Every structure is written in C-alpha cells, then in structure tokens.
$ cat input20.tsv   # TSV, C-alpha atoms
chain	number	residue	atom	x	y	z
G	66	MET	CA	8.58	-35.09	-6.17
G	67	ASN	CA	8.51	-35.56	-2.41
G	68	LYS	CA	5.26	-37.32	-1.61
G	69	ALA	CA	3.66	-35.93	1.53
G	70	ALA	CA	7.02	-35.16	3.09
G	71	PRO	CA	6.55	-33.57	6.50
G	72	ILE	CA	7.48	-29.92	6.55
G	73	PRO	CA	10.65	-29.47	8.62
G	74	ARG	CA	10.23	-27.98	12.06
G	75	PRO	CA	13.03	-25.46	12.31
G	76	ILE	CA	12.59	-24.38	15.91
G	77	GLY	CA	12.93	-25.79	19.39
G	78	ASP	CA	16.57	-25.31	20.26
G	79	GLY	CA	15.94	-22.58	22.83
G	80	GLU	CA	16.92	-19.68	20.58
G	81	ARG	CA	13.25	-18.94	20.12
G	82	PRO	CA	10.53	-20.73	22.06
G	83	SER	CA	8.80	-23.52	20.22
G	84	PRO	CA	5.37	-22.05	19.68
G	85	GLY	CA	3.46	-25.16	18.70
G	86	ARG	CA	2.24	-23.48	15.54
G	87	TRP	CA	4.72	-24.90	13.06
G	88	THR	CA	3.17	-26.80	10.25
G	89	GLN	CA	2.54	-30.42	11.16
G	90	GLY	CA	0.70	-31.33	8.00
G	91	ALA	CA	1.95	-32.80	4.76
G	92	LEU	CA	3.00	-30.84	1.72
G	93	PRO	CA	0.66	-31.00	-1.27
G	94	ASP	CA	2.00	-33.46	-3.87
G	95	ASN	CA	2.67	-30.73	-6.42
G	96	VAL	CA	4.91	-28.69	-4.11
G	97	ARG	CA	8.69	-29.09	-4.17
G	98	LEU	CA	11.04	-27.63	-1.56
G	99	GLY	CA	14.79	-27.33	-2.05
G	100	PRO	CA	17.24	-28.57	0.58
G	101	ASN	CA	17.34	-26.66	3.87
G	102	THR	CA	14.18	-24.71	3.04
G	103	VAL	CA	11.62	-24.33	5.82
G	104	VAL	CA	7.95	-23.45	5.68
G	105	THR	CA	6.14	-22.63	8.91
G	106	ASP	CA	2.54	-22.04	10.01
G	107	ASP	CA	-0.42	-24.40	9.86
G	108	LEU	CA	-2.19	-22.07	7.47
G	109	ALA	CA	0.60	-22.07	4.83
G	110	PHE	CA	-1.38	-24.32	2.47
G	111	LYS	CA	-4.88	-23.68	3.82
G	112	ARG	CA	-5.86	-21.96	0.55
G	113	PHE	CA	-3.62	-23.89	-1.81
G	114	HIS	CA	-5.97	-25.11	-4.56
G	115	SER	CA	-3.64	-25.53	-7.52
G	116	LYS	CA	-3.87	-28.74	-9.52
G	117	ALA	CA	-1.01	-27.76	-11.84
G	118	VAL	CA	2.01	-30.05	-12.12
G	119	ASP	CA	4.84	-28.63	-9.99
G	120	ALA	CA	2.53	-25.79	-8.94
G	121	LEU	CA	4.92	-24.46	-6.32
G	122	ILE	CA	8.69	-24.87	-6.52
G	123	ILE	CA	10.82	-23.29	-3.81
G	124	GLY	CA	14.61	-23.35	-4.11
G	125	ALA	CA	17.23	-24.13	-1.49
G	126	ASN	CA	17.93	-22.40	1.85
G	127	CYS	CA	14.71	-20.40	1.94
G	128	THR	CA	12.85	-19.31	5.07
G	129	MET	CA	9.08	-19.03	4.55
G	130	ASP	CA	7.87	-17.97	7.98
G	131	GLY	CA	4.10	-17.71	8.22
G	132	VAL	CA	3.69	-17.30	4.45
G	133	HIS	CA	0.30	-18.08	2.92
G	134	PHE	CA	0.55	-19.83	-0.45
G	135	ASP	CA	-2.90	-19.06	-1.83
G	136	LEU	CA	-2.70	-20.62	-5.31
G	137	GLY	CA	-5.81	-20.93	-7.45
G	138	LEU	CA	-6.67	-23.98	-9.56
G	139	ASN	CA	-4.12	-23.25	-12.31
G	140	GLY	CA	-1.73	-21.07	-10.32
G	141	ARG	CA	2.01	-21.69	-10.63
G	142	MET	CA	4.71	-20.16	-8.49
G	143	VAL	CA	8.49	-20.45	-8.57
G	144	ILE	CA	10.70	-19.07	-5.80
G	145	GLY	CA	14.52	-19.05	-6.02
G	146	ASP	CA	17.23	-19.74	-3.44
G	147	TYR	CA	18.01	-17.90	-0.18
G	148	CYS	CA	14.68	-16.10	-0.07
G	149	TYR	CA	13.39	-14.80	3.25
G	150	PHE	CA	9.64	-14.12	3.59
G	151	THR	CA	7.84	-13.19	6.80
G	152	ASN	CA	4.05	-13.52	6.97
G	153	ALA	CA	3.58	-12.64	3.29
G	154	VAL	CA	0.31	-13.45	1.54
G	155	LEU	CA	1.01	-14.76	-1.97
G	156	LEU	CA	-2.11	-14.85	-4.16
G	157	CYS	CA	-1.58	-16.58	-7.48
G	158	GLU	CA	-4.16	-17.50	-10.09
G	159	LEU	CA	-1.76	-17.54	-13.05
G	160	GLU	CA	1.97	-17.16	-12.44
G	161	VAL	CA	4.27	-15.60	-9.84
G	162	ARG	CA	8.03	-15.89	-10.38
G	163	ILE	CA	10.41	-14.80	-7.64
G	164	GLY	CA	14.20	-14.82	-8.02
G	165	ASN	CA	17.06	-15.50	-5.61
G	166	TYR	CA	17.87	-13.55	-2.41
G	167	VAL	CA	14.48	-11.88	-2.34
G	168	VAL	CA	13.29	-10.54	1.04
G	169	ILE	CA	9.59	-9.91	1.72
G	170	GLY	CA	8.48	-8.20	4.93
G	171	TRP	CA	5.67	-8.81	7.34
G	172	ASN	CA	2.04	-8.59	6.13
G	173	THR	CA	2.95	-7.94	2.49
G	174	THR	CA	0.52	-9.07	-0.21
G	175	ILE	CA	1.42	-10.09	-3.76
G	176	SER	CA	-1.36	-10.80	-6.23
G	177	ASP	CA	-1.39	-11.66	-9.95
G	178	THR	CA	-5.15	-11.21	-10.30
G	179	ASP	CA	-7.98	-8.68	-9.88
G	180	PHE	CA	-10.07	-11.41	-8.16
G	181	HIS	CA	-13.33	-10.16	-9.73
G	182	PRO	CA	-14.36	-8.55	-13.04
G	183	LEU	CA	-14.40	-4.76	-13.30
G	184	ALA	CA	-17.71	-4.53	-15.24
G	185	PRO	CA	-20.71	-4.28	-12.87
G	186	ALA	CA	-22.93	-6.81	-14.68
G	187	GLU	CA	-20.15	-9.39	-14.81
G	188	ARG	CA	-19.50	-8.80	-11.14
G	189	ILE	CA	-23.10	-9.76	-10.32
G	190	ALA	CA	-22.59	-12.99	-12.27
G	191	ASP	CA	-19.36	-13.56	-10.34
G	192	ALA	CA	-21.05	-12.92	-6.97
G	193	ILE	CA	-23.67	-15.52	-7.84
G	194	ALA	CA	-21.09	-18.03	-9.08
G	195	CYS	CA	-19.05	-17.56	-5.88
G	196	SER	CA	-22.11	-17.89	-3.60
G	197	PRO	CA	-23.35	-21.10	-1.92
G	198	LEU	CA	-26.03	-21.20	-4.66
G	199	GLY	CA	-23.47	-20.95	-7.44
G	200	LYS	CA	-22.54	-24.61	-7.68
G	201	GLY	CA	-21.75	-25.57	-11.26
G	202	LYS	CA	-21.94	-21.98	-12.54
G	203	LEU	CA	-18.87	-20.77	-14.39
G	204	ARG	CA	-17.20	-17.63	-13.15
G	205	PRO	CA	-16.68	-14.84	-15.72
G	206	GLN	CA	-13.16	-14.08	-16.93
G	207	VAL	CA	-11.03	-12.17	-14.46
G	208	LEU	CA	-7.95	-10.22	-15.43
G	209	LYS	CA	-4.74	-12.07	-14.51
G	210	LYS	CA	-1.19	-11.03	-15.27
G	211	ALA	CA	2.01	-12.67	-14.07
G	212	VAL	CA	4.09	-11.01	-11.35
G	213	ILE	CA	7.86	-11.26	-11.74
G	214	ILE	CA	10.26	-10.33	-8.97
G	215	GLU	CA	13.92	-10.48	-9.96
G	216	ASP	CA	16.98	-11.32	-7.82
G	217	ASP	CA	18.02	-9.28	-4.75
G	218	VAL	CA	14.75	-7.38	-4.41
G	219	TRP	CA	13.93	-6.15	-0.89
G	220	ILE	CA	10.26	-5.63	-0.06
G	221	GLY	CA	9.28	-4.07	3.27
G	222	PRO	CA	6.32	-4.74	5.57
G	223	ASN	CA	2.69	-3.84	4.68
G	224	VAL	CA	3.51	-3.61	0.94
G	225	THR	CA	0.99	-4.48	-1.79
G	226	ILE	CA	2.18	-5.69	-5.20
G	227	LEU	CA	-0.46	-5.79	-7.90
G	228	LYS	CA	-0.84	-7.95	-11.00
G	229	GLY	CA	1.36	-7.62	-14.07
G	230	THR	CA	4.27	-5.97	-12.32
G	231	ARG	CA	7.90	-6.81	-12.93
G	232	ILE	CA	10.24	-5.68	-10.18
G	233	GLY	CA	13.78	-5.23	-11.47
G	234	ARG	CA	16.90	-6.69	-9.91
G	235	GLY	CA	17.99	-5.19	-6.58
G	236	ALA	CA	15.01	-2.84	-6.20
G	237	TRP	CA	14.11	-1.66	-2.69
G	238	ILE	CA	10.38	-1.30	-1.99
G	239	GLU	CA	9.79	0.75	1.16
G	240	ALA	CA	7.29	-0.23	3.84
G	241	GLY	CA	3.63	0.35	2.99
G	242	SER	CA	4.16	0.92	-0.75
G	243	VAL	CA	1.55	-0.08	-3.31
G	244	VAL	CA	3.30	-1.23	-6.49
G	245	THR	CA	1.04	-0.83	-9.52
G	246	ARG	CA	3.52	-0.88	-12.43
G	247	ASP	CA	6.96	-2.12	-13.44
G	248	VAL	CA	9.92	-1.17	-11.29
G	249	PRO	CA	13.35	-0.51	-12.85
G	250	PRO	CA	16.37	-2.37	-11.46
G	251	MET	CA	18.08	-0.87	-8.36
G	252	ALA	CA	15.32	1.71	-7.85
G	253	ARG	CA	14.06	2.70	-4.41
G	254	LEU	CA	10.27	3.10	-4.25
G	255	LEU	CA	7.80	4.56	-1.80
G	256	GLY	CA	4.17	5.61	-1.74
G	257	ASN	CA	0.71	4.77	-3.00
G	258	PRO	CA	1.01	4.45	-5.91
G	259	ALA	CA	4.68	3.68	-5.44
G	260	GLN	CA	7.06	6.20	-7.03
G	261	VAL	CA	10.80	6.05	-7.57
G	262	ILE	CA	12.42	8.11	-4.78
G	263	GLY	CA	16.03	7.17	-5.40
G	264	GLN	CA	18.54	4.58	-6.49
G	265	ILE	CA	20.33	1.84	-4.58
G	266	GLU	CA	24.09	2.07	-5.20
W	25	MET	CA	11.42	-8.55	41.65
W	26	SER	CA	8.89	-11.32	42.04
W	27	VAL	CA	6.33	-10.43	39.45
W	28	ARG	CA	4.24	-13.19	37.95
W	29	ARG	CA	5.70	-14.05	34.55
W	30	THR	CA	2.67	-15.85	33.13
W	31	LEU	CA	-0.79	-14.44	32.53
W	32	ALA	CA	-3.86	-16.21	33.91
W	33	TRP	CA	-5.95	-15.22	30.86
W	34	ASP	CA	-3.31	-16.05	28.25
W	35	TRP	CA	-4.17	-18.36	25.32
W	36	TYR	CA	-0.47	-18.74	24.52
W	37	PRO	CA	1.71	-20.81	26.87
W	38	GLY	CA	4.50	-18.23	27.08
W	39	THR	CA	6.13	-16.12	29.74
W	40	ILE	CA	7.05	-12.46	30.07
W	41	PRO	CA	10.85	-12.14	29.72
W	42	GLU	CA	12.75	-11.25	32.92
W	43	ASN	CA	14.00	-7.93	31.55
W	44	VAL	CA	10.53	-6.66	30.67
W	45	VAL	CA	9.22	-4.26	33.31
W	46	ILE	CA	5.45	-4.07	33.57
W	47	ASP	CA	3.75	-1.62	35.90
W	48	GLU	CA	1.28	-3.38	38.18
W	49	THR	CA	-1.58	-1.34	36.67
W	50	ALA	CA	-0.60	-2.18	33.06
W	51	TYR	CA	-2.27	-4.89	30.96
W	52	VAL	CA	-0.69	-7.45	28.64
W	53	GLU	CA	-3.23	-9.42	26.64
W	54	THR	CA	-0.86	-12.20	25.62
W	55	THR	CA	2.76	-13.26	26.07
W	56	PHE	CA	2.73	-14.17	22.37
W	57	SER	CA	3.70	-10.51	21.90
W	58	PHE	CA	7.19	-11.52	23.14
W	59	PHE	CA	7.59	-14.42	20.70
W	60	LEU	CA	10.30	-12.59	18.73
W	61	PHE	CA	11.74	-10.73	21.73
W	62	ARG	CA	15.53	-11.07	21.98
W	63	GLY	CA	16.31	-7.98	24.08
W	64	GLN	CA	19.34	-8.21	26.35
W	65	LEU	CA	19.26	-4.81	28.07
W	66	PRO	CA	17.78	-4.49	31.55
W	67	GLY	CA	14.31	-3.01	31.13
W	68	ALA	CA	14.36	-3.73	27.39
W	69	VAL	CA	10.59	-3.20	27.38
W	70	LYS	CA	8.88	-0.97	29.94
W	71	TYR	CA	5.12	-0.57	30.39
W	72	GLY	CA	4.08	2.63	32.18
W	73	ARG	CA	1.15	3.07	34.53
W	74	GLY	CA	-2.09	1.99	32.85
W	75	ALA	CA	-0.35	1.06	29.57
W	76	SER	CA	-1.74	-1.86	27.59
W	77	THR	CA	-0.87	-4.09	24.65
W	78	TYR	CA	-3.36	-6.30	22.82
W	79	LEU	CA	-3.32	-9.35	20.58
W	80	GLY	CA	-1.60	-8.07	17.44
W	81	THR	CA	1.34	-6.51	19.24
W	82	MET	CA	4.75	-8.05	18.54
W	83	PHE	CA	7.97	-6.94	20.18
W	84	ASP	CA	10.50	-7.87	17.49
W	85	VAL	CA	13.24	-6.41	19.69
W	86	GLY	CA	16.93	-7.16	19.02
W	87	PRO	CA	19.64	-7.57	21.69
W	88	GLN	CA	20.30	-3.81	22.02
W	89	GLY	CA	16.70	-2.70	21.50
W	90	ARG	CA	14.67	-0.74	24.04
W	91	VAL	CA	10.93	-0.04	23.95
W	92	GLU	CA	9.05	2.19	26.33
W	93	LEU	CA	5.28	2.56	26.59
W	94	GLY	CA	4.18	5.69	28.45
W	95	GLU	CA	1.36	6.05	30.94
W	96	TYR	CA	-2.03	5.01	29.58
W	97	ALA	CA	-0.46	4.21	26.18
W	98	LEU	CA	-2.77	1.82	24.33
W	99	VAL	CA	-1.15	-0.40	21.72
W	100	HIS	CA	-3.78	-2.41	19.90
W	101	GLY	CA	-1.46	-4.21	17.51
W	102	ALA	CA	1.91	-2.77	16.60
W	103	ARG	CA	4.74	-4.69	15.00
W	104	ILE	CA	7.68	-3.10	16.82
W	105	ILE	CA	10.91	-3.85	14.90
W	106	CYS	CA	13.49	-2.35	17.24
W	107	ASP	CA	17.29	-2.56	17.38
W	108	SER	CA	17.81	0.84	19.07
W	109	GLU	CA	14.86	2.66	20.67
W	110	VAL	CA	11.13	2.94	20.14
W	111	ILE	CA	9.67	5.30	22.73
W	112	ILE	CA	5.90	5.69	22.86
W	113	GLY	CA	4.59	8.56	24.97
W	114	ASP	CA	1.78	8.93	27.49
W	115	TYR	CA	-1.83	8.61	26.28
W	116	ALA	CA	-0.69	7.44	22.83
W	117	LEU	CA	-3.29	5.42	20.90
W	118	ILE	CA	-1.79	2.93	18.43
W	119	SER	CA	-4.13	1.01	16.14
W	120	TRP	CA	-3.82	-2.44	14.55
W	121	ASN	CA	-1.21	-3.60	12.04
W	122	VAL	CA	0.93	-0.53	12.69
W	123	VAL	CA	4.63	-1.05	11.93
W	124	PHE	CA	7.33	0.82	13.85
W	125	MET	CA	10.72	0.00	12.35
W	126	ASP	CA	13.85	1.72	13.66
W	127	THR	CA	16.00	-0.44	11.38
W	128	TYR	CA	15.81	-2.18	8.01
W	129	ARG	CA	17.56	-5.23	9.53
W	130	LEU	CA	19.34	-5.93	6.21
W	131	PRO	CA	21.91	-3.80	4.34
W	132	PHE	CA	20.96	-1.72	1.27
W	133	ASP	CA	23.93	-3.13	-0.62
W	134	SER	CA	22.78	-6.30	-2.37
W	135	ARG	CA	26.16	-8.04	-2.11
W	136	GLN	CA	26.23	-7.53	1.66
W	137	ARG	CA	22.59	-8.57	1.85
W	138	ARG	CA	23.40	-11.81	0.06
W	139	LYS	CA	26.11	-12.56	2.61
W	140	GLU	CA	23.64	-12.16	5.46
W	141	LEU	CA	20.92	-14.17	3.71
W	142	GLU	CA	23.43	-17.00	3.24
W	143	LEU	CA	24.00	-17.10	7.02
W	144	VAL	CA	20.29	-17.25	7.93
W	145	PRO	CA	19.61	-20.90	6.93
W	146	GLY	CA	22.46	-22.04	9.20
W	147	ARG	CA	20.74	-20.59	12.27
W	148	ALA	CA	18.10	-22.62	14.05
W	149	SER	CA	16.18	-19.42	14.76
W	150	ARG	CA	16.28	-18.43	11.07
W	151	MET	CA	16.64	-14.78	12.01
W	152	ALA	CA	18.65	-12.07	10.27
W	153	PHE	CA	21.09	-10.15	12.49
W	154	ALA	CA	22.97	-7.96	10.01
W	155	ASN	CA	24.82	-5.07	11.59
W	156	VAL	CA	22.93	-2.16	10.05
W	157	THR	CA	22.29	1.27	11.54
W	158	ALA	CA	19.18	1.69	13.64
W	159	THR	CA	17.79	5.17	14.39
W	160	PRO	CA	15.32	5.66	17.24
W	161	ILE	CA	11.62	6.29	16.74
W	162	ARG	CA	9.82	8.62	19.15
W	163	VAL	CA	6.08	8.93	19.46
W	164	GLU	CA	5.37	11.78	21.84
W	165	SER	CA	2.48	11.98	24.25
W	166	ASN	CA	-1.15	12.13	23.13
W	167	VAL	CA	-0.41	10.88	19.59
W	168	TRP	CA	-3.03	8.83	17.73
W	169	ILE	CA	-1.89	6.50	14.94
W	170	GLY	CA	-4.43	4.90	12.58
W	171	PHE	CA	-4.40	1.30	11.41
W	172	ASP	CA	-1.93	-0.17	8.87
W	173	THR	CA	0.41	2.80	9.27
W	174	CYS	CA	4.18	2.34	8.86
W	175	VAL	CA	6.63	4.54	10.75
W	176	LEU	CA	10.11	4.45	9.21
W	177	PRO	CA	13.50	4.70	10.99
W	178	GLY	CA	14.42	7.96	12.73
W	179	VAL	CA	10.92	9.46	12.77
W	180	THR	CA	9.61	11.55	15.67
W	181	ILE	CA	5.86	12.18	15.87
W	182	GLY	CA	5.21	15.35	17.85
W	183	GLU	CA	2.89	15.71	20.82
W	184	GLY	CA	-0.84	15.60	20.17
W	185	SER	CA	-0.54	14.75	16.47
W	186	VAL	CA	-2.77	12.38	14.52
W	187	VAL	CA	-1.61	9.99	11.78
W	188	GLY	CA	-4.37	8.83	9.42
W	189	ALA	CA	-4.98	5.16	8.66
W	190	LYS	CA	-2.66	3.44	6.15
W	191	SER	CA	-0.17	6.29	6.19
W	192	VAL	CA	3.57	5.80	5.72
W	193	VAL	CA	5.45	8.28	7.90
W	194	THR	CA	8.85	8.92	6.33
W	195	GLU	CA	9.80	12.18	8.08
W	196	SER	CA	9.16	13.66	11.49
W	197	VAL	CA	5.74	15.14	12.25
W	198	PRO	CA	5.50	18.46	14.17
W	199	PRO	CA	3.37	18.62	17.33
W	200	PHE	CA	-0.43	19.07	17.06
W	201	THR	CA	-0.61	18.23	13.35
W	202	VAL	CA	-2.81	15.86	11.36
W	203	VAL	CA	-0.88	13.92	8.71
W	204	ALA	CA	-2.09	11.24	6.32
W	205	GLY	CA	-1.16	9.56	3.07
W	206	ASN	CA	1.58	7.48	1.60
W	207	PRO	CA	4.01	9.18	1.96
W	208	ALA	CA	2.36	11.08	4.83
W	209	ARG	CA	1.67	14.79	4.27
W	210	VAL	CA	0.36	17.49	6.59
W	211	ILE	CA	-3.44	17.76	6.33
W	212	ARG	CA	-4.06	20.41	8.94
W	213	GLU	CA	-3.03	21.70	12.32
W	214	LEU	CA	-4.72	21.17	15.65
W	215	LYS	CA	-5.21	23.85	18.29
W	216	ARG	CA	-3.52	23.28	21.57
W	217	THR	CA	-6.10	23.90	24.29
W	218	ASP	CA	-5.30	25.59	27.61
W	219	ASP	CA	-4.92	22.34	29.48
W	220	GLY	CA	-2.19	21.30	27.06
W	221	ARG	CA	-4.27	18.82	25.08
W	222	ALA	CA	-4.97	19.04	21.36
W	223	GLY	CA	-8.40	20.22	20.29
W	224	ASP	CA	-10.19	21.99	17.47
$ encode --input "input20.tsv" --output "structure tokens"
Amino acid sequence: MNKAAPIPRPIGDGERPSPGRWTQGALPDNVRLGPNTVVTDDLAFKRFHSKAVDALIIGANCTMDGVHFDLGLNGRMVIGDYCYFTNAVLLCELEVRIGNYVVIGWNTTISDTDFHPLAPAERIADAIACSPLGKGKLRPQVLKKAVIIEDDVWIGPNVTILKGTRIGRGAWIEAGSVVTRDVPPMARLLGNPAQVIGQIE
Amino acid sequence: MSVRRTLAWDWYPGTIPENVVIDETAYVETTFSFFLFRGQLPGAVKYGRGASTYLGTMFDVGPQGRVELGEYALVHGARIICDSEVIIGDYALISWNVVFMDTYRLPFDSRQRRKELELVPGRASRMAFANVTATPIRVESNVWIGFDTCVLPGVTIGEGSVVGAKSVVTESVPPFTVVAGNPARVIRELKRTDDGRAGD
C-alpha cells in the first residue's frame, strides 16, 4: 500500500494550461492506484469516509479527471485498467465494481444506495440522526445494493446509475439516461427510465 | 486585433484564446470556460453582440470545432463538446448543466475504443482524440433550453422552441414547439405572433 503518496500531477506541459486545481493532497492510506493512473481535483477525496481495508483500488493507466470518490464508512470500490472518467460522482456505501476500458462522461452519478429509508417514520429518525443534534444516534437501515459495470461500457454525460444495477459488457448508455435496472451486454440505452433502443455491433 | 485577452473580474488566471472573437458588447464571466479549448480554426468561437457566457460554460472544442453564439444569446452553463459545429442563435437562453455534444468522441466499436483508450495515458493532456464522425448542432434564434438538458449529435432545435428541464433531445425539434422528457417529446405548439416571436 502506498502510504500518503502524492497524487501525480499530469498537466503542465503546455498542451493544456496548468490550472492550479490538481490534487496536492495525499491519498488516503486505504486507496491504491495502479501505475500511470492519475486522479485530479482537490475535492476527489473530500467525502471519502471509508475505513475498509483496500477501500478503493484503481488499476493501471486510468484517467480520473475531477471524479468524486464519495465512499461511506464501509464502502468498497474496484476500478479496472484504462478507464476514463470525467467529473463523475461515485457514491458508494457498499460496493461498486467497474471493469476495464470503461468510459464515464461529465457530471454522471453512480450510487449503490438509496441514502435514506423509504418509510416516512424511519426517515424522521434518519433526519434526526443526520442532524447536528443526532450525535451518537444510530441511523436506520438504508437499502444498499452493489453496482457492477462490466468491461468496455460507455456512459455518457449527465447519466444517473442507481443501486443494484449490473451493466453488461460493451453497453452504451446515452447522455442523460437514468439506469434503474440491469442492462444486457452490447445494448444501447436511452431515456428515463433507460430503455434499450438498439444494439452495438 | 488588439483586444484584451484577460478579464479584470476573472477569478481564474487564464486568457481568452487568440482565435476566439468576442464582440465588444459581449460578456465573458470567466476564462475558465476555455480550459478545454483546443480549437485551431480562425474564429473557432464567436460571441455576437450582447452575447454572454457564465461560470458553468465550458468550450470543450476540438481542433476543427466551431461555436457561434448569436446576438443576445445567454449561456448560463453549457458543456459544449464540439468537433464540428455548434451554432446557437440570437436571443437563445441556455440554462445550467446543459450538454451540447456534436460528437461521441470515442468509437462505438469496443475494439477501436480500446485502442484509443490505450493511447490516452501516453498523452500529457490525457485527452481522447479518436477520429469519429461529428454532426453539427443548431439551436435557432429565440430558443429556450432548460437546465440539465442534453442535446445529442446532429440535432437542430427550431426557432422559438422551448426544451423543458432535464430533457434529452435525440431528434430535431420543429420551430415554435415545446418539447420535454427523456427522450424529448412534443408537448405542445406555440403560436407565432405577428412580430415573429413565439407567444401563446
């Protein structure tokens, strides 16, 4: 495990102006990056709360530009090789597994949790537990289901992927889609809720 | 042309690229909007009279891309992913987190996509440049686009039309029409008033 290794600064060669917003901070101890993987943005680990061992493992040659890794206390996330994410928000309370060669577009959100209980009474208890007065109070159970994204999946900008979904190999999720259920391999999806509109050859 | 290339009010220490043409009455909130700009054409971005772009706007314009903002066009925060043309007409109102993409930037074929993704880590810029088709987007005059909307490649939005918030526009929209939804569907039509503007 790389202890507090500085996150590489990929920019500054004149191809793109150095914006002064690349992450200067240290990686959390339970995060592992593969060789030639870069993570940018000061806010990447702003909401990283996981205490799990190897909570976040990212493979080799990945570009994580402006991605927010918002892992809850027990959240675990694995990302494969050659992935390319732009300003995605990854919310993980349980488990998110992402394969190789996965592309995620700008402002896309992936979540493996409902955040709060559905039942009204439990939600009051949750609001209290989450409030400044809620110190020491236990939060009620919230539904969590792992999200699995297989190899070669392309996800466009402004997409939302909800808990418990498995996106099959090579699927193409169009911009703005809201994915609420499993996606077969090589399918092309669009809409809210996302529907299959075709196949990728 | 000796236009000032920095903005006195800018929070970001950037400059306006030389091939961006900004009318003297136009307003640019921040040069951060050009952070991803790689346009090579002369006049790769043009701001018309009284046009304005605000904080969330990002010109993700490739070498052959061209973006035009018409007179009085107001772009609150569009992500403009452009490798061919994105033309926004006069009096257009574009809300926040709107995506205009005239290209998917990466090939549909997963084997070809892998090849491109294997090249990306070798580039200092970490950008994808795959040679995929781009088809122009046109937003005609007097169009209003609600927040979080995505406009897909090749779409034309006709004069005076309204696109509801969080819509995904997959096909062209006729003039003076209200569309909404994901995918966007026609909700109703607007009357064209005598002075040529849309009205009820």
$ interface_residues --input "input20.tsv" --of "chain W" --to "chain G" --cutoff "7 Å" --atoms "all atoms listed in the file" --output "list in words"
Phe132, Asp133, Ser134, Arg138, Leu141, Glu142, Pro145, Ala148, Ser149, Arg150, Cys174, Val192, Asn206 and Pro207 of chain W
$ atom_distance --input "input20.tsv" --atom1 "atom CA of G:Leu138" --atom2 "atom CA of G:Asp119"
12.4 Å
$ atom_distance --input "input20.tsv" --atom1 "atom CA of W:Glu42" --atom2 "atom CA of W:Asp107"
18.4 Å
$ closest_residue --input "input20.tsv" --among "G:Val118, G:Leu254, G:His181, G:Asn152" --to "G:Ile193" --atoms "all atoms listed in the file"
G:His181
$ atom_distance --input "input20.tsv" --atom1 "atom CA of G:Phe113" --atom2 "atom CA of G:Val143"
14.3 Å
$ closest_residue --input "input20.tsv" --among "G:Ile232, G:Ile213, G:Ala186, G:Leu156" --to "G:Asp135" --atoms "only C-alpha atoms"
G:Leu156
$ residues_around --input "input20.tsv" --residues "W:Ala208" --least-positions-apart "6" --cutoff "10 Å" --atoms "all atoms listed in the file" --output "ChimeraX atom specification"
/G:256 /W:173-175,187-188,190-197,202
$ residues_around --input "input20.tsv" --residues "G:Arg141" --least-positions-apart "5" --cutoff "8 Å" --atoms "all atoms listed in the file" --output "list of chain:residue names"
G:Ser115, G:Ala117, G:Asp119, G:Ala120, G:Leu121, G:Leu136, G:Cys157, G:Glu158, G:Leu159, G:Glu160, G:Val161
$ residues_around --input "input20.tsv" --residues "W:Gly89" --least-positions-apart "4" --cutoff "6 Å" --atoms "all atoms listed in the file" --output "PDB file with C-alpha atoms, keeping the file's coordinate frame"
ATOM      1  CA  GLY W  63      16.310  -7.980  24.080  1.00  0.00           C
ATOM      2  CA  VAL W  85      13.240  -6.410  19.690  1.00  0.00           C
ATOM      3  CA  CYS W 106      13.490  -2.350  17.240  1.00  0.00           C
ATOM      4  CA  ASP W 107      17.290  -2.560  17.380  1.00  0.00           C
ATOM      5  CA  SER W 108      17.810   0.840  19.070  1.00  0.00           C
ATOM      6  CA  GLU W 109      14.860   2.660  20.670  1.00  0.00           C
TER       7      GLU W 109
END
$ decode --input "input20.tsv" --residues "stretch 157-201 of chain G" --atoms "C-alpha atoms" --output "CSV table (one decimal), in the first residue's frame"
chain,number,residue,atom,x,y,z
G,157,CYS,CA,-20.6,4.0,-2.6
G,158,GLU,CA,-21.9,2.8,0.7
G,159,LEU,CA,-21.5,-0.9,0.0
G,160,GLU,CA,-19.8,-2.0,-3.2
G,161,VAL,CA,-19.1,-0.6,-6.7
G,162,ARG,CA,-17.2,-2.7,-9.2
G,163,ILE,CA,-16.1,-1.3,-12.5
G,164,GLY,CA,-14.3,-3.3,-15.2
G,165,ASN,CA,-11.6,-2.4,-17.8
G,166,TYR,CA,-11.9,0.2,-20.6
G,167,VAL,CA,-14.9,1.9,-19.0
G,168,VAL,CA,-15.7,5.5,-20.0
G,169,ILE,CA,-17.9,7.7,-17.9
G,170,GLY,CA,-18.9,11.2,-19.1
G,171,TRP,CA,-19.2,14.5,-17.4
G,172,ASN,CA,-21.5,15.0,-14.4
G,173,THR,CA,-22.6,11.4,-14.3
G,174,THR,CA,-23.7,10.0,-10.9
G,175,ILE,CA,-23.4,6.3,-9.8
G,176,SER,CA,-24.9,5.3,-6.5
G,177,ASP,CA,-25.2,1.9,-4.7
G,178,THR,CA,-27.6,3.3,-2.1
G,179,ASP,CA,-31.0,5.0,-1.5
G,180,PHE,CA,-29.3,7.3,1.0
G,181,HIS,CA,-32.4,7.4,3.3
G,182,PRO,CA,-35.2,4.9,4.2
G,183,LEU,CA,-38.3,4.9,2.2
G,184,ALA,CA,-40.7,4.6,5.2
G,185,PRO,CA,-41.8,8.0,6.5
G,186,ALA,CA,-41.3,7.3,10.2
G,187,GLU,CA,-37.9,5.8,9.6
G,188,ARG,CA,-37.0,8.9,7.6
G,189,ILE,CA,-37.8,11.2,10.5
G,190,ALA,CA,-35.4,9.0,12.7
G,191,ASP,CA,-32.8,9.3,9.9
G,192,ALA,CA,-33.2,13.1,9.7
G,193,ILE,CA,-32.7,13.4,13.4
G,194,ALA,CA,-29.7,11.0,13.4
G,195,CYS,CA,-28.1,13.0,10.5
G,196,SER,CA,-28.7,16.4,12.2
G,197,PRO,CA,-26.3,18.3,14.4
G,198,LEU,CA,-28.3,17.0,17.4
G,199,GLY,CA,-28.0,13.4,16.3
G,200,LYS,CA,-24.6,12.7,17.8
G,201,GLY,CA,-24.4,9.0,18.9
